[in-house]
>>> print(open('entry-v6.cif').read())   # mmCIF, C-alpha atoms
data_input
#
loop_
_atom_site.group_PDB
_atom_site.id
_atom_site.type_symbol
_atom_site.label_atom_id
_atom_site.label_comp_id
_atom_site.auth_asym_id
_atom_site.auth_seq_id
_atom_site.Cartn_x
_atom_site.Cartn_y
_atom_site.Cartn_z
ATOM 1 C CA ASP A 1 12.146 -15.738 -8.819
ATOM 2 C CA GLY A 2 11.159 -12.200 -9.744
ATOM 3 C CA GLY A 3 10.307 -9.865 -6.944
ATOM 4 C CA ILE A 4 11.113 -6.907 -4.751
ATOM 5 C CA THR A 5 13.818 -7.280 -2.127
ATOM 6 C CA GLN A 6 14.019 -4.894 0.792
ATOM 7 C CA SER A 7 16.934 -4.908 3.193
ATOM 8 C CA PRO A 8 17.602 -4.985 6.003
ATOM 9 C CA LYS A 9 14.451 -6.409 7.570
ATOM 10 C CA TYR A 10 15.158 -4.577 10.844
ATOM 11 C CA LEU A 11 17.180 -1.394 11.280
ATOM 12 C CA PHE A 12 18.056 0.718 14.279
ATOM 13 C CA ARG A 13 18.984 4.388 14.104
ATOM 14 C CA LYS A 14 20.836 6.479 16.618
ATOM 15 C CA GLU A 15 19.963 10.113 17.217
ATOM 16 C CA GLY A 16 21.430 12.380 14.536
ATOM 17 C CA GLN A 17 22.234 9.518 12.206
ATOM 18 C CA ASN A 18 21.227 9.031 8.590
ATOM 19 C CA VAL A 19 20.263 5.521 7.542
ATOM 20 C CA THR A 20 19.616 4.062 4.099
ATOM 21 C CA LEU A 21 17.011 1.435 3.275
ATOM 22 C CA SER A 22 17.592 -0.704 0.226
ATOM 23 C CA CYS A 23 14.996 -1.660 -2.383
ATOM 24 C CA GLU A 24 15.889 -3.798 -5.391
ATOM 25 C CA GLN A 25 13.530 -5.251 -8.013
ATOM 26 C CA ASN A 26 14.142 -7.673 -10.875
ATOM 27 C CA LEU A 27 10.678 -7.330 -12.382
ATOM 28 C CA ASN A 28 11.770 -4.831 -15.032
ATOM 29 C CA HIS A 29 9.272 -2.336 -13.630
ATOM 30 C CA ASP A 30 9.686 1.327 -14.484
ATOM 31 C CA ALA A 31 7.904 2.907 -11.527
ATOM 32 C CA MET A 32 8.990 2.491 -7.921
ATOM 33 C CA TYR A 33 7.563 3.860 -4.658
ATOM 34 C CA TRP A 34 8.346 4.259 -0.979
ATOM 35 C CA TYR A 35 5.601 4.179 1.646
ATOM 36 C CA ARG A 36 5.589 4.592 5.372
ATOM 37 C CA GLN A 37 3.179 2.515 7.447
ATOM 38 C CA ASP A 38 2.183 3.484 10.967
ATOM 39 C CA PRO A 39 -0.442 1.699 13.094
ATOM 40 C CA GLY A 40 -3.926 2.980 12.302
ATOM 41 C CA GLN A 41 -2.737 5.277 9.502
ATOM 42 C CA GLY A 42 -2.510 3.053 6.486
ATOM 43 C CA LEU A 43 0.232 3.598 3.932
ATOM 44 C CA ARG A 44 1.491 7.093 3.173
ATOM 45 C CA LEU A 45 3.552 7.900 0.094
ATOM 46 C CA ILE A 46 7.050 9.280 0.735
ATOM 47 C CA TYR A 47 8.621 9.412 -2.742
ATOM 48 C CA TYR A 48 8.045 7.828 -6.118
ATOM 49 C CA SER A 49 9.970 7.479 -9.345
ATOM 50 C CA GLN A 50 8.544 6.765 -12.779
ATOM 51 C CA ILE A 51 11.862 6.553 -14.596
ATOM 52 C CA VAL A 52 15.599 6.410 -13.948
ATOM 53 C CA ASN A 53 17.125 9.697 -12.744
ATOM 54 C CA ASP A 54 13.730 11.190 -11.957
ATOM 55 C CA PHE A 55 11.631 11.149 -8.792
ATOM 56 C CA GLN A 56 8.828 13.129 -7.153
ATOM 57 C CA LYS A 57 7.880 13.922 -3.587
ATOM 58 C CA GLY A 58 4.899 12.172 -2.105
ATOM 59 C CA ASP A 59 2.730 13.353 0.768
ATOM 60 C CA ILE A 60 5.318 13.049 3.553
ATOM 61 C CA ALA A 61 8.720 13.622 1.910
ATOM 62 C CA GLU A 62 10.187 15.881 4.609
ATOM 63 C CA GLY A 63 13.179 14.275 6.295
ATOM 64 C CA TYR A 64 13.677 11.687 3.547
ATOM 65 C CA SER A 65 15.727 11.535 0.353
ATOM 66 C CA VAL A 66 15.945 9.088 -2.551
ATOM 67 C CA SER A 67 17.963 8.374 -5.673
ATOM 68 C CA ARG A 68 17.181 6.411 -8.821
ATOM 69 C CA GLU A 69 20.446 5.778 -10.643
ATOM 70 C CA LYS A 70 19.440 2.331 -11.882
ATOM 71 C CA LYS A 71 16.091 0.927 -12.953
ATOM 72 C CA GLU A 72 16.400 -1.916 -10.465
ATOM 73 C CA SER A 73 17.233 0.142 -7.400
ATOM 74 C CA PHE A 74 15.457 2.865 -5.414
ATOM 75 C CA PRO A 75 17.178 3.434 -2.032
ATOM 76 C CA LEU A 76 15.564 5.586 0.646
ATOM 77 C CA THR A 77 17.626 7.613 3.115
ATOM 78 C CA VAL A 78 16.017 8.577 6.401
ATOM 79 C CA THR A 79 17.870 11.689 7.478
ATOM 80 C CA SER A 80 18.382 13.124 10.950
ATOM 81 C CA ALA A 81 15.792 15.760 10.005
ATOM 82 C CA GLN A 82 13.076 13.096 10.273
ATOM 83 C CA LYS A 83 12.197 13.428 13.942
ATOM 84 C CA ASN A 84 9.833 10.486 14.162
ATOM 85 C CA PRO A 85 11.341 7.806 11.920
ATOM 86 C CA THR A 86 10.066 4.741 13.792
ATOM 87 C CA ALA A 87 7.792 2.957 11.296
ATOM 88 C CA PHE A 88 7.468 0.107 8.837
ATOM 89 C CA TYR A 89 8.807 1.147 5.423
ATOM 90 C CA LEU A 90 7.481 -0.464 2.271
ATOM 91 C CA CYS A 91 8.872 -0.323 -1.234
ATOM 92 C CA ALA A 92 6.681 -1.046 -4.255
ATOM 93 C CA SER A 93 7.000 -1.160 -8.018
ATOM 94 C CA ARG A 94 4.559 -1.064 -10.895
ATOM 95 C CA PRO A 95 4.686 -2.659 -14.348
ATOM 96 C CA PRO A 96 5.033 -0.458 -17.417
ATOM 97 C CA GLY A 97 1.952 0.383 -19.451
ATOM 98 C CA ARG A 98 -1.226 2.051 -18.264
ATOM 99 C CA PRO A 99 -0.894 3.894 -14.938
ATOM 100 C CA ASN A 100 -3.521 1.817 -13.157
ATOM 101 C CA GLN A 101 -1.518 -1.359 -13.068
ATOM 102 C CA PRO A 102 -1.225 -3.028 -9.653
ATOM 103 C CA GLN A 103 1.657 -2.101 -7.437
ATOM 104 C CA HIS A 104 3.763 -4.963 -6.101
ATOM 105 C CA PHE A 105 5.233 -4.636 -2.622
ATOM 106 C CA GLY A 106 8.351 -5.868 -0.882
ATOM 107 C CA ASP A 107 8.242 -7.273 2.656
ATOM 108 C CA GLY A 108 9.326 -4.071 4.337
ATOM 109 C CA THR A 109 11.993 -2.731 6.660
ATOM 110 C CA ARG A 110 11.119 -1.967 10.265
ATOM 111 C CA LEU A 111 13.068 1.051 11.504
ATOM 112 C CA SER A 112 13.415 1.808 15.201
ATOM 113 C CA ILE A 113 15.218 4.449 17.229
ATOM 114 C CA LEU A 114 17.886 3.412 19.716
ATOM 115 C CA GLN B 1 -10.933 15.205 -1.222
ATOM 116 C CA GLN B 2 -7.937 12.942 -1.537
ATOM 117 C CA GLN B 3 -8.943 10.753 1.407
ATOM 118 C CA VAL B 4 -10.307 7.255 1.365
ATOM 119 C CA LYS B 5 -12.241 6.445 4.535
ATOM 120 C CA GLN B 6 -12.265 2.816 5.619
ATOM 121 C CA SER B 7 -14.368 1.056 8.246
ATOM 122 C CA PRO B 8 -14.440 -0.778 10.522
ATOM 123 C CA GLN B 9 -10.988 -0.509 12.055
ATOM 124 C CA SER B 10 -11.245 -4.103 13.278
ATOM 125 C CA LEU B 11 -13.577 -6.988 12.603
ATOM 126 C CA ILE B 12 -14.118 -10.337 14.286
ATOM 127 C CA VAL B 13 -15.964 -13.018 12.338
ATOM 128 C CA GLN B 14 -16.803 -16.632 12.995
ATOM 129 C CA LYS B 15 -15.452 -19.219 10.562
ATOM 130 C CA GLY B 16 -17.863 -19.617 7.672
ATOM 131 C CA GLY B 17 -19.344 -16.161 8.133
ATOM 132 C CA ILE B 18 -19.263 -13.152 5.828
ATOM 133 C CA SER B 19 -16.717 -10.388 6.389
ATOM 134 C CA ILE B 20 -17.649 -6.955 5.070
ATOM 135 C CA ILE B 21 -15.290 -3.973 4.891
ATOM 136 C CA ASN B 22 -16.432 -0.611 3.600
ATOM 137 C CA CYS B 23 -14.659 2.324 1.979
ATOM 138 C CA ALA B 24 -15.848 5.760 0.907
ATOM 139 C CA TYR B 25 -14.214 8.427 -1.221
ATOM 140 C CA GLU B 26 -14.922 12.006 -2.261
ATOM 141 C CA ASN B 27 -12.944 12.543 -5.444
ATOM 142 C CA THR B 28 -15.073 11.499 -8.418
ATOM 143 C CA ALA B 29 -11.942 11.479 -10.597
ATOM 144 C CA PHE B 30 -10.799 8.234 -8.958
ATOM 145 C CA ASP B 31 -10.982 5.463 -11.522
ATOM 146 C CA TYR B 32 -9.224 2.464 -10.000
ATOM 147 C CA PHE B 33 -10.066 0.807 -6.680
ATOM 148 C CA PRO B 34 -7.837 -2.055 -5.485
ATOM 149 C CA TRP B 35 -7.969 -4.036 -2.267
ATOM 150 C CA TYR B 36 -4.772 -5.264 -0.637
ATOM 151 C CA GLN B 37 -4.276 -8.012 1.961
ATOM 152 C CA GLN B 38 -1.391 -7.795 4.420
ATOM 153 C CA PHE B 39 -0.118 -10.444 6.843
ATOM 154 C CA PRO B 40 2.050 -9.467 9.836
ATOM 155 C CA GLY B 41 5.624 -8.683 8.872
ATOM 156 C CA LYS B 42 4.846 -8.829 5.160
ATOM 157 C CA GLY B 43 4.106 -6.311 2.440
ATOM 158 C CA PRO B 44 0.559 -5.862 1.120
ATOM 159 C CA ALA B 45 -0.500 -8.086 -1.773
ATOM 160 C CA LEU B 46 -3.150 -7.205 -4.333
ATOM 161 C CA LEU B 47 -6.328 -9.153 -3.657
ATOM 162 C CA ILE B 48 -8.852 -7.810 -6.156
ATOM 163 C CA ALA B 49 -9.497 -4.528 -7.987
ATOM 164 C CA ILE B 50 -12.390 -2.818 -9.733
ATOM 165 C CA ARG B 51 -12.984 0.093 -12.097
ATOM 166 C CA PRO B 52 -16.071 2.343 -11.831
ATOM 167 C CA ASP B 53 -17.686 1.038 -15.018
ATOM 168 C CA VAL B 54 -18.780 -2.155 -13.217
ATOM 169 C CA SER B 55 -20.846 -2.540 -10.049
ATOM 170 C CA GLU B 56 -19.470 -5.855 -8.849
ATOM 171 C CA LYS B 57 -16.436 -8.062 -9.346
ATOM 172 C CA LYS B 58 -16.022 -11.533 -7.908
ATOM 173 C CA GLU B 59 -12.909 -13.661 -7.576
ATOM 174 C CA GLY B 60 -13.456 -16.857 -5.639
ATOM 175 C CA ARG B 61 -14.706 -16.006 -2.151
ATOM 176 C CA PHE B 62 -13.833 -12.311 -2.558
ATOM 177 C CA THR B 63 -16.284 -9.795 -4.055
ATOM 178 C CA ILE B 64 -16.022 -6.046 -4.532
ATOM 179 C CA SER B 65 -19.294 -4.122 -4.652
ATOM 180 C CA PHE B 66 -19.079 -0.629 -6.123
ATOM 181 C CA ASN B 67 -21.688 2.129 -5.775
ATOM 182 C CA LYS B 68 -20.630 5.027 -7.976
ATOM 183 C CA SER B 69 -23.478 7.348 -6.997
ATOM 184 C CA ALA B 70 -22.784 6.885 -3.290
ATOM 185 C CA LYS B 71 -19.020 6.981 -3.827
ATOM 186 C CA GLN B 72 -18.617 3.803 -1.816
ATOM 187 C CA PHE B 73 -17.113 0.398 -2.382
ATOM 188 C CA SER B 74 -16.872 -2.656 -0.205
ATOM 189 C CA LEU B 75 -15.092 -5.969 0.092
ATOM 190 C CA HIS B 76 -17.100 -9.076 0.954
ATOM 191 C CA ILE B 77 -15.325 -12.254 2.029
ATOM 192 C CA MET B 78 -17.699 -15.199 1.841
ATOM 193 C CA ASP B 79 -17.170 -18.341 3.944
ATOM 194 C CA SER B 80 -14.450 -16.580 5.945
ATOM 195 C CA GLN B 81 -11.578 -18.827 7.049
ATOM 196 C CA PRO B 82 -8.948 -18.470 9.795
ATOM 197 C CA GLY B 83 -6.357 -18.101 7.015
ATOM 198 C CA ASP B 84 -8.135 -14.909 5.943
ATOM 199 C CA SER B 85 -7.071 -13.259 9.226
ATOM 200 C CA ALA B 86 -5.023 -10.284 8.058
ATOM 201 C CA THR B 87 -5.199 -6.526 7.607
ATOM 202 C CA TYR B 88 -7.100 -5.330 4.556
ATOM 203 C CA PHE B 89 -6.563 -1.982 2.829
ATOM 204 C CA CYS B 90 -8.739 -0.346 0.237
ATOM 205 C CA ALA B 91 -7.160 2.190 -2.097
ATOM 206 C CA ALA B 92 -8.016 4.523 -4.960
ATOM 207 C CA SER B 93 -6.206 6.312 -7.749
ATOM 208 C CA MET B 94 -7.112 8.646 -10.623
ATOM 209 C CA ASN B 95 -5.226 7.775 -13.773
ATOM 210 C CA THR B 96 -1.918 8.416 -12.082
ATOM 211 C CA ASP B 97 0.301 5.979 -10.369
ATOM 212 C CA LYS B 98 -0.326 7.417 -6.911
ATOM 213 C CA LEU B 99 -2.508 5.224 -4.752
ATOM 214 C CA ILE B 100 -4.433 6.719 -1.838
ATOM 215 C CA PHE B 101 -4.868 4.089 0.868
ATOM 216 C CA GLY B 102 -7.522 3.674 3.521
ATOM 217 C CA THR B 103 -6.415 3.235 7.121
ATOM 218 C CA GLY B 104 -6.858 -0.546 7.134
ATOM 219 C CA THR B 105 -9.141 -3.136 8.750
ATOM 220 C CA ARG B 106 -7.767 -5.871 10.937
ATOM 221 C CA LEU B 107 -9.815 -9.018 10.352
ATOM 222 C CA GLN B 108 -9.783 -11.930 12.784
ATOM 223 C CA VAL B 109 -11.613 -15.117 11.856
ATOM 224 C CA PHE B 110 -12.175 -17.527 14.718
ATOM 225 C CA PRO B 111 -12.770 -21.252 14.211
#
>>> encode(input="entry-v6.cif", output="structure tokens")
Amino acid sequence: DGGITQSPKYLFRKEGQNVTLSCEQNLNHDAMYWYRQDPGQGLRLIYYSQIVNDFQKGDIAEGYSVSREKKESFPLTVTSAQKNPTAFYLCASRPPGRPNQPQHFGDGTRLSIL
Amino acid sequence: QQQVKQSPQSLIVQKGGISIINCAYENTAFDYFPWYQQFPGKGPALLIAIRPDVSEKKEGRFTISFNKSAKQFSLHIMDSQPGDSATYFCAASMNTDKLIFGTGTRLQVFP
């Protein structure tokens, strides 16, 4: 089955620690995105990538980093500089073609602080 | 100008009733307006989408109404069912691949 796989489903971070969230897609989509979801705030864009080896900051990129070395993979690192990392993190991808194609989402990773 | 304002924050509807969720935007350059449905612990899934050249789009029990002059659009769920209980997000974009999301509406449908 084609889809977006996010792992792990739950993740705990200690103070001062960097953690990496995985996002893999086998849909052959060019564009990939990372969102953060907090209660009552909807989804906010962290980073996005339209092509391999290229990515752009979203609205809340501070304290996060990404890489896009392969088309299928777009990992997100939550660094120790992110002081409030507890949230639900969602990865999405979009088919090639016109920009306004629907984004498809994974089932998220819930990150908590120990 | 980049915001999409969504209301209400929560909604309780009796089974068989009509659920209505409203969104408003400021940026007239937006040209794509999707609605997403999200169940607890899952990612959002596209429900229905509309472009500003039409005033209404219907798919089954779900209808988007679009008022370009008022810069508003709404989701109507006819014959609401308990299985429709979820969080609904409206969104907008302007010929880019960046979606701007509303803050979400938690819908509860009681039998």
>>> resolve_selection(input="entry-v6.cif", expression="the PyMOL selection byres ((chain B) within 9 of (chain A))", output="NGL selection string")
:B and (9 or 31-32 or 34 or 41-46 or 49 or 89 or 93-105)
>>> residues_around(input="entry-v6.cif", residues="Lys57 of chain A", least_positions_apart="2", cutoff="9 Å", atoms="only C-alpha atoms", output="JSON, numbers by chain")
{"A": [45, 46, 47, 48, 49, 55, 59, 60, 61, 62]}
>>> resolve_selection(input="entry-v6.cif", expression="the PyMOL selection byres ((chain A and resi 28) around 10)", output="PDB file with C-alpha atoms, in the frame of the given file")
ATOM      1  CA  GLY A   2      11.159 -12.200  -9.744  1.00  0.00           C
ATOM      2  CA  GLY A   3      10.307  -9.865  -6.944  1.00  0.00           C
ATOM      3  CA  GLN A  25      13.530  -5.251  -8.013  1.00  0.00           C
ATOM      4  CA  ASN A  26      14.142  -7.673 -10.875  1.00  0.00           C
ATOM      5  CA  LEU A  27      10.678  -7.330 -12.382  1.00  0.00           C
ATOM      6  CA  HIS A  29       9.272  -2.336 -13.630  1.00  0.00           C
ATOM      7  CA  ASP A  30       9.686   1.327 -14.484  1.00  0.00           C
ATOM      8  CA  ALA A  31       7.904   2.907 -11.527  1.00  0.00           C
ATOM      9  CA  LYS A  71      16.091   0.927 -12.953  1.00  0.00           C
ATOM     10  CA  GLU A  72      16.400  -1.916 -10.465  1.00  0.00           C
ATOM     11  CA  SER A  93       7.000  -1.160  -8.018  1.00  0.00           C
ATOM     12  CA  ARG A  94       4.559  -1.064 -10.895  1.00  0.00           C
ATOM     13  CA  PRO A  95       4.686  -2.659 -14.348  1.00  0.00           C
ATOM     14  CA  PRO A  96       5.033  -0.458 -17.417  1.00  0.00           C
TER      15      PRO A  96
END
>>> resolve_selection(input="entry-v6.cif", expression="the PyMOL selection byres ((chain B and resi 10) around 10)", output="PyMOL selection string")
chain B and resi 7-9+11-12+21+87-88+104-108
>>> write_last_selection(input="entry-v6.cif", atoms="C-alpha atoms", output="mmCIF file, keeping the file's coordinate frame")
data_model
loop_
_atom_site.group_PDB
_atom_site.id
_atom_site.type_symbol
_atom_site.label_atom_id
_atom_site.label_comp_id
_atom_site.auth_asym_id
_atom_site.auth_seq_id
_atom_site.Cartn_x
_atom_site.Cartn_y
_atom_site.Cartn_z
ATOM 1 C CA SER B 7 -14.368 1.056 8.246
ATOM 2 C CA PRO B 8 -14.440 -0.778 10.522
ATOM 3 C CA GLN B 9 -10.988 -0.509 12.055
ATOM 4 C CA LEU B 11 -13.577 -6.988 12.603
ATOM 5 C CA ILE B 12 -14.118 -10.337 14.286
ATOM 6 C CA ILE B 21 -15.290 -3.973 4.891
ATOM 7 C CA THR B 87 -5.199 -6.526 7.607
ATOM 8 C CA TYR B 88 -7.100 -5.330 4.556
ATOM 9 C CA GLY B 104 -6.858 -0.546 7.134
ATOM 10 C CA THR B 105 -9.141 -3.136 8.750
ATOM 11 C CA ARG B 106 -7.767 -5.871 10.937
ATOM 12 C CA LEU B 107 -9.815 -9.018 10.352
ATOM 13 C CA GLN B 108 -9.783 -11.930 12.784
#
>>> atom_distance(input="entry-v6.cif", atom1="atom CA of Phe110 of chain B", atom2="atom CA of Gly16 of chain B")
9.3 Å
>>> residues_around(input="entry-v6.cif", residues="Ser19 of chain B", least_positions_apart="4", cutoff="7 Å", atoms="only C-alpha atoms", output="list of chain:residue names")
B:Val13, B:His76, B:Ile77, B:Met78, B:Ser80
>>> write_last_selection(input="entry-v6.cif", atoms="C-alpha atoms", output="compact mmCIF listing (two decimals), in the frame of the given file")
# COMPACT_ATOMS: atom_id res chain seq x y z
CA VAL B 13 -15.96 -13.02 12.34
CA HIS B 76 -17.10 -9.08 0.95
CA ILE B 77 -15.32 -12.25 2.03
CA MET B 78 -17.70 -15.20 1.84
CA SER B 80 -14.45 -16.58 5.94
>>> axis_aligned_box(input="entry-v6.cif", around="segment 67-77 of chain B", padding_each_side="5 Å", output="JSON")
{"center_x": -19.3, "center_y": -2.5, "center_z": -3.0, "size_x": 18.4, "size_y": 29.6, "size_z": 20.0}
>>> residues_around(input="entry-v6.cif", residues="Pro85 of chain A", least_positions_apart="3", cutoff="10 Å", atoms="only C-alpha atoms", output="short mmCIF file (atom, residue, chain, number, x, y, z; two decimals) with C-alpha atoms, keeping the file's coordinate frame")
data_model
loop_
_atom_site.label_atom_id
_atom_site.label_comp_id
_atom_site.auth_asym_id
_atom_site.auth_seq_id
_atom_site.Cartn_x
_atom_site.Cartn_y
_atom_site.Cartn_z
CA ARG A 13 18.98 4.39 14.10
CA ARG A 36 5.59 4.59 5.37
CA GLY A 63 13.18 14.28 6.30
CA TYR A 64 13.68 11.69 3.55
CA VAL A 78 16.02 8.58 6.40
CA THR A 79 17.87 11.69 7.48
CA SER A 80 18.38 13.12 10.95
CA ALA A 81 15.79 15.76 10.01
CA GLN A 82 13.08 13.10 10.27
CA PHE A 88 7.47 0.11 8.84
CA TYR A 89 8.81 1.15 5.42
CA ARG A 110 11.12 -1.97 10.26
CA LEU A 111 13.07 1.05 11.50
CA SER A 112 13.42 1.81 15.20
CA ILE A 113 15.22 4.45 17.23
#
>>> closest_residue(input="entry-v6.cif", among="B:Gln37, B:Ser65, B:Asn27, B:Gln14", to="Pro82 of chain B", atoms="all atoms listed in the file")
B:Gln14
>>> atom_distance(input="entry-v6.cif", atom1="atom CA of Glu24 of chain A", atom2="atom CA of Lys70 of chain A")
9.6 Å
>>> atom_distance(input="entry-v6.cif", atom1="atom CA of Gln81 of chain B", atom2="atom CA of Phe39 of chain B")
14.2 Å
>>> closest_residue(input="entry-v6.cif", among="A:Ser65, A:Thr5, A:Thr77, A:Gln56", to="Leu21 of chain A", atoms="only C-alpha atoms")
A:Thr77
>>> closest_residue(input="entry-v6.cif", among="A:Ser67, A:Ser73, A:Asn53, A:Ser22", to="Ser7 of chain A", atoms="only C-alpha atoms")
A:Ser22
>>> closest_residue(input="entry-v6.cif", among="A:Lys83, A:Phe74, A:Gly97, A:Asn18", to="Ile4 of chain A", atoms="all atoms listed in the file")
A:Phe74
>>> residues_around(input="entry-v6.cif", residues="Leu114 of chain A", least_positions_apart="5", cutoff="12 Å", atoms="all atoms listed in the file", output="number ranges by chain")
A: 11-17, 85-86
>>> closest_residue(input="entry-v6.cif", among="B:Glu26, B:Ala91, B:Val109, B:Phe66", to="Leu47 of chain B", atoms="only C-alpha atoms")
B:Ala91
>>> decode(input="entry-v6.cif", residues="segment 7-78 of chain A", atoms="C-alpha atoms", output="mmCIF file, in the first residue's frame")
data_model
loop_
_atom_site.group_PDB
_atom_site.id
_atom_site.type_symbol
_atom_site.label_atom_id
_atom_site.label_comp_id
_atom_site.auth_asym_id
_atom_site.auth_seq_id
_atom_site.Cartn_x
_atom_site.Cartn_y
_atom_site.Cartn_z
ATOM 1 C CA SER A 7 7.919 6.842 13.227
ATOM 2 C CA PRO A 8 7.991 6.494 16.095
ATOM 3 C CA LYS A 9 4.371 7.046 17.093
ATOM 4 C CA TYR A 10 5.431 8.294 20.542
ATOM 5 C CA LEU A 11 8.751 9.886 21.463
ATOM 6 C CA PHE A 12 10.145 11.270 24.683
ATOM 7 C CA ARG A 13 12.918 13.847 24.872
ATOM 8 C CA LYS A 14 15.183 14.672 27.754
ATOM 9 C CA GLU A 15 16.324 18.215 28.442
ATOM 10 C CA GLY A 16 19.179 19.252 26.149
ATOM 11 C CA GLN A 17 18.667 16.347 23.790
ATOM 12 C CA ASN A 18 18.137 16.382 20.043
ATOM 13 C CA VAL A 19 15.612 13.926 18.651
ATOM 14 C CA THR A 20 14.828 12.954 15.066
ATOM 15 C CA LEU A 21 11.385 12.133 13.710
ATOM 16 C CA SER A 22 11.191 9.937 10.653
ATOM 17 C CA CYS A 23 8.935 10.467 7.638
ATOM 18 C CA GLU A 24 8.993 8.103 4.667
ATOM 19 C CA GLN A 25 6.667 8.086 1.644
ATOM 20 C CA ASN A 26 6.316 5.640 -1.241
ATOM 21 C CA LEU A 27 3.869 7.761 -3.215
ATOM 22 C CA ASN A 28 6.533 9.197 -5.518
ATOM 23 C CA HIS A 29 5.589 12.685 -4.345
ATOM 24 C CA ASP A 30 8.037 15.515 -4.902
ATOM 25 C CA ALA A 31 6.950 17.889 -2.146
ATOM 26 C CA MET A 32 7.062 17.052 1.548
ATOM 27 C CA TYR A 33 6.108 19.066 4.645
ATOM 28 C CA TRP A 34 6.397 19.079 8.417
ATOM 29 C CA TYR A 35 3.670 20.570 10.602
ATOM 30 C CA ARG A 36 3.301 21.027 14.305
ATOM 31 C CA GLN A 37 -0.138 20.643 15.873
ATOM 32 C CA ASP A 38 -0.991 22.095 19.263
ATOM 33 C CA PRO A 39 -4.458 22.075 20.868
ATOM 34 C CA GLY A 40 -6.530 25.015 19.656
ATOM 35 C CA GLN A 41 -3.870 26.224 17.206
ATOM 36 C CA GLY A 42 -4.408 24.149 14.125
ATOM 37 C CA LEU A 43 -1.446 23.051 12.038
ATOM 38 C CA ARG A 44 1.597 25.286 11.689
ATOM 39 C CA LEU A 45 4.220 24.764 9.000
ATOM 40 C CA ILE A 46 7.759 24.048 10.229
ATOM 41 C CA TYR A 47 9.674 23.212 7.034
ATOM 42 C CA TYR A 48 8.872 22.099 3.519
ATOM 43 C CA SER A 49 10.782 20.674 0.592
ATOM 44 C CA GLN A 50 9.753 20.751 -3.050
ATOM 45 C CA ILE A 51 12.670 18.727 -4.373
ATOM 46 C CA VAL A 52 15.587 16.601 -3.195
ATOM 47 C CA ASN A 53 18.432 18.571 -1.580
ATOM 48 C CA ASP A 54 16.302 21.685 -1.208
ATOM 49 C CA PHE A 55 14.047 22.875 1.607
ATOM 50 C CA GLN A 56 12.536 26.101 2.938
ATOM 51 C CA LYS A 57 11.621 27.380 6.369
ATOM 52 C CA GLY A 58 7.979 27.563 7.289
ATOM 53 C CA ASP A 59 6.370 29.810 9.881
ATOM 54 C CA ILE A 60 7.914 28.230 12.990
ATOM 55 C CA ALA A 61 11.296 26.825 11.901
ATOM 56 C CA GLU A 62 13.306 28.005 14.919
ATOM 57 C CA GLY A 63 14.655 25.082 16.923
ATOM 58 C CA TYR A 64 14.103 22.561 14.122
ATOM 59 C CA SER A 65 16.217 21.235 11.260
ATOM 60 C CA VAL A 66 15.534 18.980 8.274
ATOM 61 C CA SER A 67 17.308 17.202 5.442
ATOM 62 C CA ARG A 68 16.096 15.888 2.099
ATOM 63 C CA GLU A 69 18.744 13.538 0.739
ATOM 64 C CA LYS A 70 16.248 11.151 -0.845
ATOM 65 C CA LYS A 71 12.886 11.755 -2.478
ATOM 66 C CA GLU A 72 11.222 9.267 -0.152
ATOM 67 C CA SER A 73 12.541 10.631 3.123
ATOM 68 C CA PHE A 74 12.226 13.935 4.992
ATOM 69 C CA PRO A 75 13.429 13.576 8.618
ATOM 70 C CA LEU A 76 12.833 16.332 11.159
ATOM 71 C CA THR A 77 15.247 16.989 14.023
ATOM 72 C CA VAL A 78 13.919 18.760 17.091
#
